[in-house]
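What follows is entry_17.cif (mmCIF, C-alpha atoms and all ligand atoms).
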data_final
#
loop_
_atom_site.label_atom_id
_atom_site.label_comp_id
_atom_site.auth_asym_id
_atom_site.auth_seq_id
_atom_site.Cartn_x
_atom_site.Cartn_y
_atom_site.Cartn_z
CA MET A 442 108.89 172.78 178.63
CA LYS A 443 105.92 171.32 176.77
CA ARG A 444 107.00 169.99 173.39
CA LYS A 445 104.96 170.11 170.20
CA THR A 446 103.50 166.95 168.72
CA LEU A 447 103.63 166.13 165.01
CA THR A 448 99.97 167.19 164.71
CA GLN A 449 100.68 170.60 166.25
CA TYR A 450 103.72 171.11 164.04
CA LEU A 451 101.73 170.25 160.91
CA VAL A 452 98.81 172.50 161.86
CA GLU A 453 101.32 175.35 162.27
CA GLN A 454 102.88 174.56 158.90
CA GLN A 455 99.41 174.66 157.34
CA ARG A 456 97.96 177.74 159.08
CA MET A 457 100.97 179.98 159.74
CA GLU A 458 103.52 179.03 157.10
CA GLN A 459 101.07 177.91 154.42
CA ALA A 460 103.66 175.23 153.65
CA VAL A 461 101.18 172.35 153.42
CA SER A 462 97.59 171.90 152.34
CA ALA A 463 95.08 170.23 154.69
CA GLU A 464 95.32 167.09 152.51
CA VAL A 465 99.11 166.88 152.80
CA ARG A 466 98.86 167.42 156.54
CA LEU A 467 96.45 164.49 156.87
CA LEU A 468 98.52 162.40 154.50
CA ILE A 469 101.70 162.91 156.57
CA GLU A 470 99.80 162.12 159.76
CA THR A 471 98.57 158.89 158.18
CA VAL A 472 102.08 157.89 157.07
CA ALA A 473 103.34 158.69 160.58
CA ARG A 474 100.63 156.47 162.07
CA ALA A 475 101.67 153.64 159.77
CA CYS A 476 105.32 154.13 160.80
CA LYS A 477 104.24 153.85 164.42
CA ALA A 478 102.62 150.50 163.62
CA ILE A 479 105.80 149.35 161.82
CA ALA A 480 107.93 150.51 164.79
CA HIS A 481 105.70 148.40 167.03
CA ALA A 482 106.09 145.33 164.81
CA VAL A 483 109.87 145.83 164.57
CA GLY A 484 110.06 146.10 168.36
CA LYS A 485 108.42 142.71 168.81
CA GLY A 486 111.10 140.94 166.74
CA ALA A 487 111.13 137.18 167.16
CA LEU A 488 108.28 137.42 169.71
CA GLY A 489 106.02 138.84 167.01
CA GLY A 490 107.15 136.35 164.37
CA VAL A 491 108.29 139.18 162.09
CA LEU A 492 111.89 138.09 161.48
CA GLY A 493 113.11 135.96 158.57
CA SER A 494 112.45 135.68 154.84
CA LEU A 495 109.52 134.67 152.66
CA ASP A 496 109.76 132.49 149.56
CA SER A 497 108.84 135.45 147.36
CA GLU A 498 111.03 137.93 145.42
CA ASN A 499 110.16 141.56 144.76
CA VAL A 500 110.16 143.18 141.30
CA GLN A 501 113.90 143.82 141.62
CA GLY A 502 114.62 140.13 142.16
CA GLU A 503 115.45 140.57 145.86
CA VAL A 504 114.24 137.97 148.37
CA GLN A 505 111.51 139.57 150.45
CA LYS A 506 111.73 139.57 154.21
CA LYS A 507 108.56 139.14 156.22
CA LEU A 508 108.95 142.70 157.48
CA ASP A 509 109.31 144.10 153.91
CA VAL A 510 105.88 142.70 153.06
CA LEU A 511 104.24 143.51 156.40
CA SER A 512 105.45 147.13 156.30
CA ASN A 513 104.20 147.48 152.73
CA GLU A 514 100.77 146.20 153.76
CA ILE A 515 100.63 148.52 156.78
CA LEU A 516 101.40 151.56 154.60
CA LEU A 517 98.91 150.55 151.90
CA GLU A 518 96.08 149.87 154.33
CA ALA A 519 96.63 153.03 156.36
CA ASN A 520 96.67 155.29 153.30
CA GLU A 521 93.99 153.75 151.11
CA TRP A 522 90.86 155.24 152.66
CA GLY A 523 92.06 158.70 153.80
CA GLY A 524 90.77 160.52 150.73
CA HIS A 525 93.99 162.45 150.05
CA LEU A 526 95.72 160.10 147.61
CA ALA A 527 95.24 159.21 143.96
CA ALA A 528 97.75 156.32 143.98
CA MET A 529 100.77 154.83 145.69
CA ALA A 530 103.98 153.18 144.50
CA SER A 531 106.39 151.06 146.49
CA GLU A 532 109.78 149.42 146.12
CA GLU A 533 108.03 146.15 146.98
CA MET A 534 105.32 146.32 144.26
CA GLU A 535 105.75 145.79 140.55
CA THR A 536 103.52 148.64 139.51
CA LEU A 537 101.44 151.45 140.99
CA HIS A 538 98.59 150.86 143.43
CA ARG A 539 95.54 152.98 142.52
CA ILE A 540 93.13 153.94 145.30
CA PRO A 541 90.20 151.51 144.89
CA ASN A 542 86.93 153.02 143.65
CA ARG A 543 85.17 152.28 146.96
CA TYR A 544 87.27 154.98 148.64
CA PRO A 545 87.37 158.76 148.10
CA LYS A 546 90.35 159.95 146.05
CA GLY A 547 92.64 162.95 146.35
CA GLU A 548 95.28 164.59 144.20
CA TYR A 549 98.51 163.32 145.80
CA LEU A 550 100.85 160.44 145.02
CA LEU A 551 102.72 158.60 147.77
CA LEU A 552 105.92 156.63 147.12
CA PHE A 553 107.75 154.54 149.70
CA ASP A 554 110.50 152.15 150.58
CA PRO A 555 108.48 150.42 153.30
CA LEU A 556 111.44 148.78 154.98
CA ASP A 557 114.92 150.09 154.29
CA GLY A 558 117.98 148.14 155.38
CA SER A 559 116.43 144.70 154.96
CA SER A 560 119.73 142.90 155.56
CA ASN A 561 119.74 144.34 159.10
CA ILE A 562 116.27 143.13 160.15
CA ASP A 563 117.35 139.78 161.53
CA VAL A 564 120.47 141.09 163.27
CA ASN A 565 118.69 143.75 165.35
CA VAL A 566 120.39 146.75 163.72
CA SER A 567 118.56 150.01 162.86
CA ILE A 568 116.20 149.92 159.87
CA GLY A 569 113.62 152.38 158.56
CA THR A 570 110.90 153.57 156.19
CA ILE A 571 111.41 156.27 153.52
CA PHE A 572 108.59 158.19 151.83
CA SER A 573 108.03 160.87 149.21
CA VAL A 574 104.91 162.88 148.29
CA LEU A 575 104.17 164.27 144.82
CA GLN A 576 101.13 166.02 143.38
CA ALA A 577 99.42 164.22 140.51
CA PRO A 578 99.69 166.19 137.25
CA ALA A 579 96.76 168.56 136.64
CA ASP A 580 95.68 166.59 133.56
CA ALA A 581 95.23 163.44 135.69
CA ALA A 582 92.02 164.77 137.25
CA GLY A 583 89.07 162.53 136.39
CA ARG A 584 91.11 159.72 134.83
CA ASP A 585 93.04 156.71 136.11
CA ILE A 586 96.55 157.48 137.38
CA GLU A 587 99.30 155.90 135.26
CA GLU A 588 102.91 155.09 136.12
CA SER A 589 104.03 158.02 133.99
CA ASP A 590 102.22 160.41 136.40
CA PHE A 591 104.80 159.44 139.05
CA LEU A 592 107.79 160.16 136.82
CA GLN A 593 108.45 163.68 138.08
CA PRO A 594 111.88 164.97 139.13
CA GLY A 595 112.60 165.09 142.87
CA ASN A 596 112.48 168.90 142.87
CA LYS A 597 108.70 168.55 142.53
CA GLN A 598 108.31 166.72 145.86
CA VAL A 599 105.78 168.29 148.20
CA ALA A 600 107.09 166.47 151.28
CA ALA A 601 109.53 163.71 152.15
CA GLY A 602 110.66 161.92 155.24
CA TYR A 603 111.91 158.81 156.91
CA ALA A 604 111.31 156.86 160.08
CA VAL A 605 114.27 155.16 161.70
CA TYR A 606 113.59 152.21 164.00
CA GLY A 607 116.62 152.16 166.27
CA PRO A 608 117.32 152.57 169.98
CA GLN A 609 114.65 155.28 169.63
CA SER A 610 112.13 155.46 166.81
CA MET A 611 112.34 158.82 165.05
CA LEU A 612 110.45 160.48 162.22
CA VAL A 613 112.42 163.05 160.21
CA LEU A 614 110.39 165.26 157.91
CA THR A 615 110.53 168.11 155.41
CA VAL A 616 107.66 169.98 153.82
CA GLY A 617 110.12 172.35 152.13
CA THR A 618 110.65 174.62 155.15
CA GLY A 619 113.72 172.95 156.68
CA VAL A 620 113.98 169.60 158.44
CA VAL A 621 112.53 168.58 161.78
CA GLY A 622 112.76 165.38 163.80
CA PHE A 623 110.19 163.74 166.08
CA THR A 624 110.84 161.02 168.65
CA LEU A 625 108.20 158.38 169.33
CA ASP A 626 106.92 158.57 172.88
CA ARG A 627 106.16 154.88 173.22
CA GLU A 628 103.95 155.24 176.32
CA MET A 629 101.76 157.94 174.80
CA GLY A 630 102.00 156.66 171.22
CA THR A 631 102.80 160.20 169.99
CA TRP A 632 105.47 161.62 167.70
CA VAL A 633 107.03 164.49 169.71
CA LEU A 634 109.13 167.29 168.18
CA THR A 635 112.62 166.84 169.62
CA HIS A 636 114.90 168.07 166.81
CA GLU A 637 114.05 171.51 165.44
CA ASP A 638 115.86 172.86 162.41
CA MET A 639 118.15 169.89 161.70
CA THR A 640 121.22 171.07 159.79
CA ILE A 641 124.15 169.20 158.31
CA PRO A 642 127.59 170.73 159.00
CA GLU A 643 129.23 171.78 155.72
CA GLU A 644 132.59 170.22 156.59
CA THR A 645 133.22 166.60 157.51
CA SER A 646 135.93 164.01 157.83
CA GLU A 647 133.66 160.95 158.01
CA PHE A 648 132.70 158.88 154.98
CA ALA A 649 130.24 156.00 154.52
CA ILE A 650 130.66 153.59 151.63
CA ASN A 651 130.63 149.81 151.19
CA MET A 652 134.40 149.33 150.78
CA SER A 653 133.99 145.74 149.57
CA ASN A 654 132.88 147.15 146.19
CA MET A 655 136.04 149.23 145.72
CA ARG A 656 137.39 147.27 142.76
CA HIS A 657 134.15 147.92 140.84
CA TRP A 658 133.94 151.69 141.40
CA GLU A 659 134.48 154.32 138.75
CA GLU A 660 137.89 156.04 138.82
CA PRO A 661 136.83 159.34 140.52
CA VAL A 662 135.34 157.49 143.50
CA LYS A 663 138.42 155.24 143.80
CA LEU A 664 140.70 158.30 143.76
CA TYR A 665 138.62 160.18 146.33
CA ILE A 666 138.47 157.25 148.77
CA ASN A 667 142.19 156.59 148.31
CA ASP A 668 142.85 160.23 149.20
CA CYS A 669 140.62 159.88 152.29
CA LEU A 670 142.53 156.76 153.34
CA ALA A 671 145.84 158.61 152.92
CA GLY A 672 144.75 160.80 155.85
CA SER A 673 146.60 163.82 157.15
CA THR A 674 149.73 163.13 155.11
CA GLY A 675 147.74 162.75 151.88
CA PRO A 676 146.36 165.43 149.51
CA LEU A 677 143.25 166.09 151.64
CA GLY A 678 145.40 166.88 154.68
CA LYS A 679 143.15 165.30 157.32
CA ASP A 680 142.40 161.93 158.85
CA TYR A 681 139.03 160.43 157.95
CA ASN A 682 136.80 158.11 159.96
CA MET A 683 134.55 155.52 158.29
CA ARG A 684 131.03 154.23 159.09
CA TRP A 685 128.79 151.82 157.14
CA ILE A 686 125.56 150.61 158.76
CA ALA A 687 124.09 149.21 155.50
CA SER A 688 120.71 150.82 156.22
CA MET A 689 120.55 154.01 154.18
CA VAL A 690 118.09 155.44 156.69
CA ALA A 691 120.47 154.95 159.60
CA ASP A 692 123.53 156.19 157.66
CA VAL A 693 121.64 159.30 156.50
CA HIS A 694 120.28 159.88 160.00
CA ARG A 695 123.84 159.97 161.34
CA ILE A 696 124.73 162.51 158.67
CA MET A 697 121.64 164.58 159.53
CA THR A 698 122.84 164.60 163.11
CA ARG A 699 126.61 165.13 162.89
CA GLY A 700 127.51 165.45 159.22
CA GLY A 701 129.40 163.13 156.89
CA ILE A 702 129.27 161.88 153.32
CA PHE A 703 127.30 158.83 152.18
CA MET A 704 128.07 157.16 148.87
CA TYR A 705 126.48 154.28 147.02
CA PRO A 706 128.07 155.06 143.66
CA ARG A 707 127.49 153.54 140.24
CA ASP A 708 129.95 150.73 139.57
CA ALA A 709 131.13 148.42 136.81
CA ARG A 710 129.04 145.37 137.76
CA PRO A 711 126.10 144.68 135.47
CA SER A 712 123.86 145.15 138.53
CA GLY A 713 125.68 148.32 139.59
CA ARG A 714 125.98 150.29 136.37
CA LYS A 715 122.98 152.38 137.23
CA GLY A 716 123.64 152.29 140.98
CA LYS A 717 121.95 150.21 143.66
CA LEU A 718 119.59 152.64 145.33
CA ARG A 719 116.24 153.55 143.88
CA LEU A 720 115.68 157.09 142.63
CA MET A 721 111.97 157.37 143.47
CA TYR A 722 111.88 155.63 146.85
CA GLU A 723 115.32 156.32 148.33
CA ALA A 724 117.47 158.88 146.50
CA ASN A 725 114.83 161.58 145.86
CA PRO A 726 113.29 161.76 149.34
CA MET A 727 116.71 161.58 151.04
CA SER A 728 118.13 164.24 148.69
CA PHE A 729 115.20 166.58 149.42
CA LEU A 730 115.80 166.15 153.17
CA VAL A 731 119.56 166.55 152.84
CA GLU A 732 119.26 169.74 150.76
CA GLN A 733 116.67 171.17 153.13
CA ALA A 734 119.18 170.56 155.94
CA GLY A 735 121.88 172.51 154.07
CA GLY A 736 123.65 169.52 152.49
CA ALA A 737 123.99 168.41 148.86
CA ALA A 738 123.15 165.30 146.82
CA THR A 739 124.39 164.23 143.38
CA ASP A 740 124.96 161.09 141.34
CA GLY A 741 128.54 162.32 140.79
CA ASP A 742 127.65 164.56 137.87
CA THR A 743 124.05 165.73 138.28
CA ARG A 744 122.00 167.06 141.19
CA ILE A 745 119.75 164.13 142.11
CA LEU A 746 116.65 166.32 142.45
CA ASP A 747 117.04 167.42 138.80
CA ILE A 748 117.13 163.90 137.31
CA ASN A 749 114.13 163.23 135.04
CA PRO A 750 112.96 159.72 135.98
CA GLU A 751 112.39 157.15 133.27
CA GLY A 752 110.90 154.35 135.38
CA LEU A 753 109.34 153.79 138.78
CA HIS A 754 112.07 151.40 139.89
CA GLN A 755 115.00 153.27 138.30
CA ARG A 756 118.30 153.02 140.14
CA VAL A 757 120.85 155.78 140.57
CA GLY A 758 124.31 156.41 142.01
CA VAL A 759 124.07 158.42 145.25
CA ILE A 760 126.59 160.80 146.84
CA LEU A 761 125.07 162.95 149.58
CA GLY A 762 125.76 164.74 152.84
CA SER A 763 127.99 167.61 153.98
CA LYS A 764 127.98 170.20 151.21
CA ASN A 765 131.70 170.91 150.85
CA GLU A 766 132.58 167.21 150.78
CA VAL A 767 129.91 166.37 148.18
CA GLU A 768 131.23 169.25 146.06
CA ARG A 769 134.75 167.90 146.49
CA VAL A 770 133.69 164.51 145.11
CA GLY A 771 131.99 166.37 142.25
CA ARG A 772 135.37 167.93 141.37
CA TYR A 773 136.98 164.47 141.19
CA HIS A 774 134.28 163.59 138.63
CA LEU A 775 134.88 166.80 136.63
CA GLU A 776 138.61 166.07 136.42
CA ASP A 777 137.96 162.52 135.19
O1 LIG B 1 124.38 145.49 151.48
P1 LIG B 1 125.02 146.69 150.85
O2 LIG B 1 125.53 146.48 149.45
O3 LIG B 1 126.02 147.35 151.74
O4 LIG B 1 123.82 147.74 150.63
C1 LIG B 1 123.28 148.47 151.66
C2 LIG B 1 122.28 149.41 151.08
O5 LIG B 1 121.19 148.66 150.58
C3 LIG B 1 119.98 149.08 151.18
O6 LIG B 1 119.69 148.23 152.26
C4 LIG B 1 118.89 149.01 150.13
O7 LIG B 1 117.62 149.20 150.66
P2 LIG B 1 116.55 147.99 150.89
O8 LIG B 1 116.91 147.27 152.16
O9 LIG B 1 115.30 148.81 150.99
O10 LIG B 1 116.58 147.13 149.67
C5 LIG B 1 120.27 150.48 151.72
O11 LIG B 1 119.51 150.82 152.83
C6 LIG B 1 121.74 150.37 152.12
O12 LIG B 1 122.40 151.60 152.09
MG MG B 2 115.99 150.80 150.83
MG MG B 3 113.30 148.27 151.19
#

For the file at hand, write its structure as structure tokens.
Ligand SMILES: O=P(O)(O)OC[C@H]1O[C@](O)(COP(=O)(O)O)[C@@H](O)[C@@H]1O
Ligand SMILES: [Mg+2]
Ligand SMILES: [Mg+2]
Amino acid sequence: MKRKTLTQYLVEQQRMEQAVSAEVRLLIETVARACKAIAHAVGKGALGGVLGSLDSENVQGEVQKKLDVLSNEILLEANEWGGHLAAMASEEMETLHRIPNRYPKGEYLLLFDPLDGSSNIDVNVSIGTIFSVLQAPADAAGRDIEESDFLQPGNKQVAAGYAVYGPQSMLVLTVGTGVVGFTLDREMGTWVLTHEDMTIPEETSEFAINMSNMRHWEEPVKLYINDCLAGSTGPLGKDYNMRWIASMVADVHRIMTRGGIFMYPRDARPSGRKGKLRLMYEANPMSFLVEQAGGAATDGDTRILDINPEGLHQRVGVILGSKNEVERVGRYHLED
């Protein structure tokens, strides 16, 4: 059986489903090309001199790894001259990056976490790239894009996806017509459609959370996890399994494949009150994908895709995955 490539899939989405414009199709192809270059750099590891940290910190005060910066540069360079973007924003940059005047401009905005799971880079565990596409507001035509143009709720995303650099490199994508997955054919250098119609089972008995933060969590999360730990003799009546890779991309990819619930909740630490993960670069694109695959995503109280962002680097509590389990955690919050 001859499989479709990413290009063929996108042409179909444009011509037959009218799910993407020609610009978005080209934009996604450009992001995918950049992810291929990042996959290549990741694969070289110590041989390519890409492991280890730099002396710099990003805007969030986190030490930057060489691969954080390299991946950011690859994405910026690949997308600058394509003519489909008005501006970009990244977890690794303090403010937006407007398309320079020497290049043609388009009407879309691209946001990304260039390298997700930074703590796993040097230990050879799966990492990834997450991206989100928005349309610039109509009144932005003919003027410079501002940060406020990016501050749209996640339900306005035109497309979102992630690449996971693991035993295989995969690109998982939604343009609002379900979720599909492509595997990188390393010999041919092509993204090949291998996972059609990815769906998350509604039920699960597998949770993912960083248990070392337990003492800081809010009460509903503590109660829920305690009930999971109580297993089949506890109130939930079943034994749970636990996984925590510490790369959101890899944890979400597992959930996309076999279900589960992923939680990085708000907590009582000054650094955790608003959550750890970033709304615009991590929570929104992943929530769009998860919902398109039949799952759910909230911050405990509110659907993530309905949150009105206040800042580019805003953080948020994240609870996402199998629908019935996410709703269950929502009930713990309601009872609080
Ligand atoms: O080290 P912790 O607290 O378990 O946090 C892990 C989480 O942090 C992240 O690595 C944050 O992303 P970055 O690596 O892009 O900063 C998530 O991918 C992951 O889920
Ligand atoms: Mg990240
Ligand atoms: Mg990152």

If I take atom CA of A:Tyr606 and atom CA of A:Asp626, how far is one from the other in Å, to one decimal?
12.8 Å

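Minimum distance to A:Glu548 across A:Thr635, A:Ala582, A:Ile515, A:Ile562 (counting only C-alpha atoms) occurs at A:Ala582.
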
Please identify every residue of chain A that has at least one atom no farther than 9 Å from an atom of ligand MG 2 (chain B), counting all atoms listed in the file, and for each give the shortest atom pair and the distance in Å to one decimal, arranged by chain then increasing number, as a tab-separated table.
residue	atom	partner	partner_atom	distance
A:Glu532	CA	B:MG2	MG	7.9
A:Asp554	CA	B:MG2	MG	5.7
A:Pro555	CA	B:MG2	MG	7.9
A:Leu556	CA	B:MG2	MG	6.5
A:Asp557	CA	B:MG2	MG	3.7
A:Gly558	CA	B:MG2	MG	5.6
A:Ser559	CA	B:MG2	MG	7.4
A:Gly569	CA	B:MG2	MG	8.2
A:Thr570	CA	B:MG2	MG	7.9
A:Ile571	CA	B:MG2	MG	7.6
A:Ser688	CA	B:MG2	MG	7.2
A:Met689	CA	B:MG2	MG	6.5
A:Val690	CA	B:MG2	MG	7.8
A:Leu718	CA	B:MG2	MG	6.8
A:Arg719	CA	B:MG2	MG	7.5
A:Tyr722	CA	B:MG2	MG	7.5
A:Glu723	CA	B:MG2	MG	6.1

Which residues, protein or nucleic acid, reach to within 12 Å of (117.9, 149.1, 139.2) in the file's coordinates when using all atoms listed in the file, and can you give that as a PyMOL selection string?
chain A and resi 500-503+532+707+710-723+751-758

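For the pair atom CA of A:Leu495 and atom CA of A:Ala604, the interatomic distance is 23.5 Å.
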
From atom CA of A:Asp742 to atom CA of A:Met683 the spacing works out at 23.4 Å

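Each of A:Ala463, A:Pro541, A:Ser560, A:Leu775 was checked against A:Lys506 using all atoms listed in the file; the smallest atom-to-atom distance is that of A:Ser560.
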
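Proximity of A:Leu516, A:Ile760, A:Ile686, A:Met697 to A:Glu533, computed with only C-alpha atoms, is greatest for A:Leu516.
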
Using all atoms listed in the file, collect all residues at a distance of at most 10 Å from (104.2, 154.6, 142.0) as written in the file, then present them as an MDAnalysis selection string.
chainID A and resid 528:532 534:539 550:553 586:592 721:722 752:754

Centre and edge lengths, as lines of an AutoDock Vina configuration file, for the axis-aligned box enclosing every listed atom of ligand LIG 1 (chain B) with 8 Å of padding on each of the six sides, in Å to one decimal?
center_x = 120.7
center_y = 148.5
center_z = 151.1
size_x = 26.7
size_y = 22.1
size_z = 19.4

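Among the candidates A:Pro750, A:Pro661, A:Pro726, A:Gly735, the residue lying nearest to A:His774 is A:Pro661 (atoms considered: only C-alpha atoms).
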